[in-house]
Amino acid sequence: MPTDIQAPSIAYLPLLPMLLVFGAATLGVLVEGFVPAAHRRVTQVAVAVVGLAAALGQVIYLANENTSRLVVESAVVIDGPTLFLQGTLCVLGIGSILLLSETRLDASGGHVVSQAANLPGSREDLALAESTRVQTEVYPLAMFALGGMLLFPASNNLLLMFVALEVLSLPLYLMAGLARRRRLLSQEAALKYFLLGAFASAFFLYGVALLYGYAGSVDLGDIFTATSQTGKSDSLLFLGIAMLGVGLLFKVGAVPFQAWTPDVYQGSPTPVTALMAACTKVAAFGALMRVFYVAFGTAKWDWRPMMWAVAILTMVVGAVLAVTQTDVKRMLAYSSVAHTGFILVGVIALNRQGLSGTLFYLLTYGLTTLASFAIVSLVRDSSGEATHLAQWAGLGKRSPLVAGSFAFLLFALAGIPLTSGFMAKFAVFRAASQGGATALVVVGVIASAVTAFFYARVVVLMFFQEPSVDGPTVAVPSAYTAVTIALGIAFTAVLGVVPQPVLDLADKAGFFLR
């Protein structure tokens with residue numbers, strides 16, 4: 001006789017932040033079909049910002065309730081790290097949407113081309129580059145990506161995590177190819193990101209299959225239980241950890257899976273680069289920590305040496321290659337790789353201080369990076385953004401405010417005291433030292449000194465060299481970009497002087513529910 005299938009019991013309130021963002025993304029698709037073109041951009045920006053603000057408010061409400069729980073048949077976990085990361089993503093997402101909505105910097109109407117499928121260099125493509133048509137489909141794409149990012153670190157099930165990975169990745173593959181200027185470079189970035197991302201996703205999915213064969217389940221808690229038992233063959237476990245690690249380390253941009261980072265950061269529209277650099281790293285590190293802390297907690301002595309090697313390579317390669325760059329966006333890309341290594345130092349600490357320090361680092365790095373790329377979008381010449389370092393010579397004399405703001409953000413990325421970057425590095429290095437990874441801290445300090453060199457080189461270039469006669473100009477942004485830059489600088493300064501309230505929040509959130 002047939003048995004009755006019970007419908008799963010779903011608690012919607014803990015899922016509300018993600019539902020609000022996905023709902024705003026879906027509403028954005030409807031806006032494209034029903035709102036007149038003249039009002040479409042303003043409507044899309046309002047829908048996206050209100051959706052993210054509402055999600056942030058719900059995250060704060062859930063955090064105040066202080067109830068950690070597993071929902072959707074234990075596939076989604078709502079705990080301290082989930083809520084901290086989701087709040088961080090909502091804040092960074094609002095800034096990213098504001099940058100995407102900027103239309104004043106380019107006389108043609110924004111960073112994004114209105115029809116990306118045209119052949120680069122063709123007559124139609126050149127005409128579109130000067131057209132004032134605005135691409136508004138980018139807003140629901142960004143919201144779907146942000147929705148996937150909210151779900152990614154909250155996934156307690158590897159199959160759901162894979163779905164979240166694809167939901168956040170596919171819109172980014174498309175958005176990388178939408179730059180209004182330098183169309184060939186943008187399409188190359190999109191193709192590289194898509195091919196390498198698909199390859200990494202295949203590794204992730206193969207790792208899921210191997211771990212299912214090992215544990216008989218894809219729930220992280222069940223995998224943890226299986227690793228605690230004796231008498232099991234560890235071959236599937238080790239191969240599964242390696243395959244899963246490839247997919248996650250690709251998303252965070254760790255060596256040796258960082259090859260996509262400079263090309264994609266350089267070729268993408270700068271607001272899309274800011275979204276990837278800030279938000280994707282937050283979501284990917286959240287998922288990586290959940291997998292390795294929850295599912296592989298008892299196997300930490302097996303995967304920790306691998307992470308040591310990855311962290312050292314990432315810090316060294318990111319710092320050294322950043323010194324050789326002549327493009328500002330590529331320099332910030334390799335800077336992002338180096339910072340990935342610094343964050344991995346906190347992950348490897350394997351203690352509560354390491355988790356809370358990593359959460360704090362992700363917040364401060366995201367805010368600083370978002371403001372940095374916003375400033376990069378202001379320096380322009382006749383062909384669009386002027387990103388070659390030689391073009392930034394003497395910028396301090398052309399625009400002291402912009403150059404000074406960028407110098408302050410670079411100091412924060414370098415970890416200079418009285419900036420949020422210093423407090424973030426101090427937090428993860430102290431945690432790693434307490435966790436027995438003192439040698440890793442030494443490598444991190446040396447790599448930080450190398451990164452300080454190339455940041456200082458840009459500052460010297462801006463303030464101690466004469467500007468060229470035909471050098472670029474600094475465009476006056478709209479309120480959208482100005483607010484993003486101002487808030488990024490303000491938080492970078494405040495968290496460098498008074499970091500304790502946010503550190504306390506991160507420490508309160510520093511416990512994964514299994």
# chains A, B, ... in the order shown; residues from 1 in each chain; ligands from 1
>>> residues_around(residues="A:Phe250", least_positions_apart="5", cutoff="7 Å", atoms="only C-alpha atoms", output="PyMOL selection string")
chain A and resi 200+257-258
>>> select_by_dssp(residues="stretch 128-250 of chain A", states="strand (DSSP E or B)", output="mmCIF file with C-alpha atoms, in the first residue's frame")
data_model
loop_
_atom_site.group_PDB
_atom_site.id
_atom_site.type_symbol
_atom_site.label_atom_id
_atom_site.label_comp_id
_atom_site.auth_asym_id
_atom_site.auth_seq_id
_atom_site.Cartn_x
_atom_site.Cartn_y
_atom_site.Cartn_z
ATOM 1 C CA SER A 155 23.703 25.957 3.727
ATOM 2 C CA ASN A 157 23.611 20.551 3.059
ATOM 3 C CA ALA A 179 31.311 46.763 -19.609
ATOM 4 C CA ASP A 219 24.281 16.958 5.492
#
>>> closest_residue(among="A:Phe152, A:Ser233, A:Pro140, A:Trp260", to="A:Leu196", atoms="only C-alpha atoms")
A:Trp260
>>> select_by_dssp(residues="stretch 75-301 of chain A", states="helix (DSSP H, G or I)", output="ChimeraX atom specification")
/A:80-100,123-130,138-154,158-176,183-215,220-227,235-252,260-267,270-295,300-301
>>> atom_distance(atom1="atom CA of A:Ala189", atom2="atom CA of A:Ser382")
22.3 Å
>>> residues_around(residues="A:Ala427", least_positions_apart="4", cutoff="8 Å", atoms="only C-alpha atoms", output="JSON list (two decimals) with all heavy atoms, in the first residue's frame")
[["chain", "number", "residue", "atom", "x", "y", "z"],
["A", 353, "GLN", "N", 38.46, 32.66, 18.55],
["A", 353, "GLN", "CA", 39.05, 33.95, 18.20],
["A", 353, "GLN", "C", 39.34, 34.03, 16.70],
["A", 353, "GLN", "O", 39.19, 35.08, 16.08],
["A", 353, "GLN", "CB", 40.34, 34.18, 18.99],
["A", 353, "GLN", "CG", 40.16, 34.37, 20.48],
["A", 353, "GLN", "CD", 39.91, 33.06, 21.23],
["A", 353, "GLN", "OE1", 40.17, 31.98, 20.69],
["A", 353, "GLN", "NE2", 39.41, 33.16, 22.45],
["A", 354, "GLY", "N", 39.75, 32.90, 16.11],
["A", 354, "GLY", "CA", 39.99, 32.87, 14.68],
["A", 354, "GLY", "C", 38.72, 33.09, 13.88],
["A", 354, "GLY", "O", 38.72, 33.83, 12.88],
["A", 357, "GLY", "N", 37.63, 36.77, 14.44],
["A", 357, "GLY", "CA", 38.55, 37.65, 13.74],
["A", 357, "GLY", "C", 38.35, 37.60, 12.23],
["A", 357, "GLY", "O", 38.44, 38.63, 11.54],
["A", 358, "THR", "N", 38.07, 36.42, 11.70],
["A", 358, "THR", "CA", 37.80, 36.29, 10.27],
["A", 358, "THR", "C", 36.53, 37.02, 9.88],
["A", 358, "THR", "O", 36.48, 37.70, 8.84],
["A", 358, "THR", "CB", 37.69, 34.80, 9.89],
["A", 358, "THR", "OG1", 38.92, 34.14, 10.21],
["A", 358, "THR", "CG2", 37.42, 34.63, 8.41],
["A", 361, "TYR", "N", 37.35, 40.65, 9.82],
["A", 361, "TYR", "CA", 38.21, 40.94, 8.66],
["A", 361, "TYR", "C", 37.36, 41.05, 7.39],
["A", 361, "TYR", "O", 37.55, 41.95, 6.57],
["A", 361, "TYR", "CB", 39.26, 39.85, 8.51],
["A", 361, "TYR", "CG", 40.48, 40.24, 7.71],
["A", 361, "TYR", "CD1", 41.75, 40.10, 8.26],
["A", 361, "TYR", "CD2", 40.38, 40.73, 6.42],
["A", 361, "TYR", "CE1", 42.88, 40.45, 7.53],
["A", 361, "TYR", "CE2", 41.50, 41.09, 5.69],
["A", 361, "TYR", "CZ", 42.76, 40.95, 6.25],
["A", 361, "TYR", "OH", 43.87, 41.29, 5.53],
["A", 423, "MET", "N", 43.39, 46.62, 12.58],
["A", 423, "MET", "CA", 42.69, 45.85, 13.61],
["A", 423, "MET", "C", 42.30, 44.47, 13.10],
["A", 423, "MET", "O", 42.34, 43.48, 13.84],
["A", 423, "MET", "CB", 41.45, 46.61, 14.07],
["A", 423, "MET", "CG", 41.74, 47.95, 14.74],
["A", 423, "MET", "SD", 42.94, 47.82, 16.09],
["A", 423, "MET", "CE", 42.17, 46.59, 17.15],
["A", 431, "ALA", "N", 44.83, 35.40, 16.77],
["A", 431, "ALA", "CA", 44.12, 34.13, 16.89],
["A", 431, "ALA", "C", 44.98, 32.98, 16.38],
["A", 431, "ALA", "O", 45.02, 31.90, 16.98],
["A", 431, "ALA", "CB", 42.81, 34.19, 16.12]]
>>> closest_residue(among="A:Thr364, A:Gln500, A:Ser405, A:Gln266", to="A:His388", atoms="only C-alpha atoms")
A:Gln266
>>> residues_around(residues="A:Val77", least_positions_apart="3", cutoff="10 Å", atoms="only C-alpha atoms", output="ChimeraX atom specification")
/A:14-15,68-74,80-83,151,153-157,512-514
>>> closest_residue(among="A:Ala449, A:Leu168, A:Leu89, A:Ala53", to="A:Val323", atoms="only C-alpha atoms")
A:Ala449
>>> closest_residue(among="A:Leu16, A:Met243, A:Val31, A:Ala202", to="A:Ile78", atoms="only C-alpha atoms")
A:Leu16
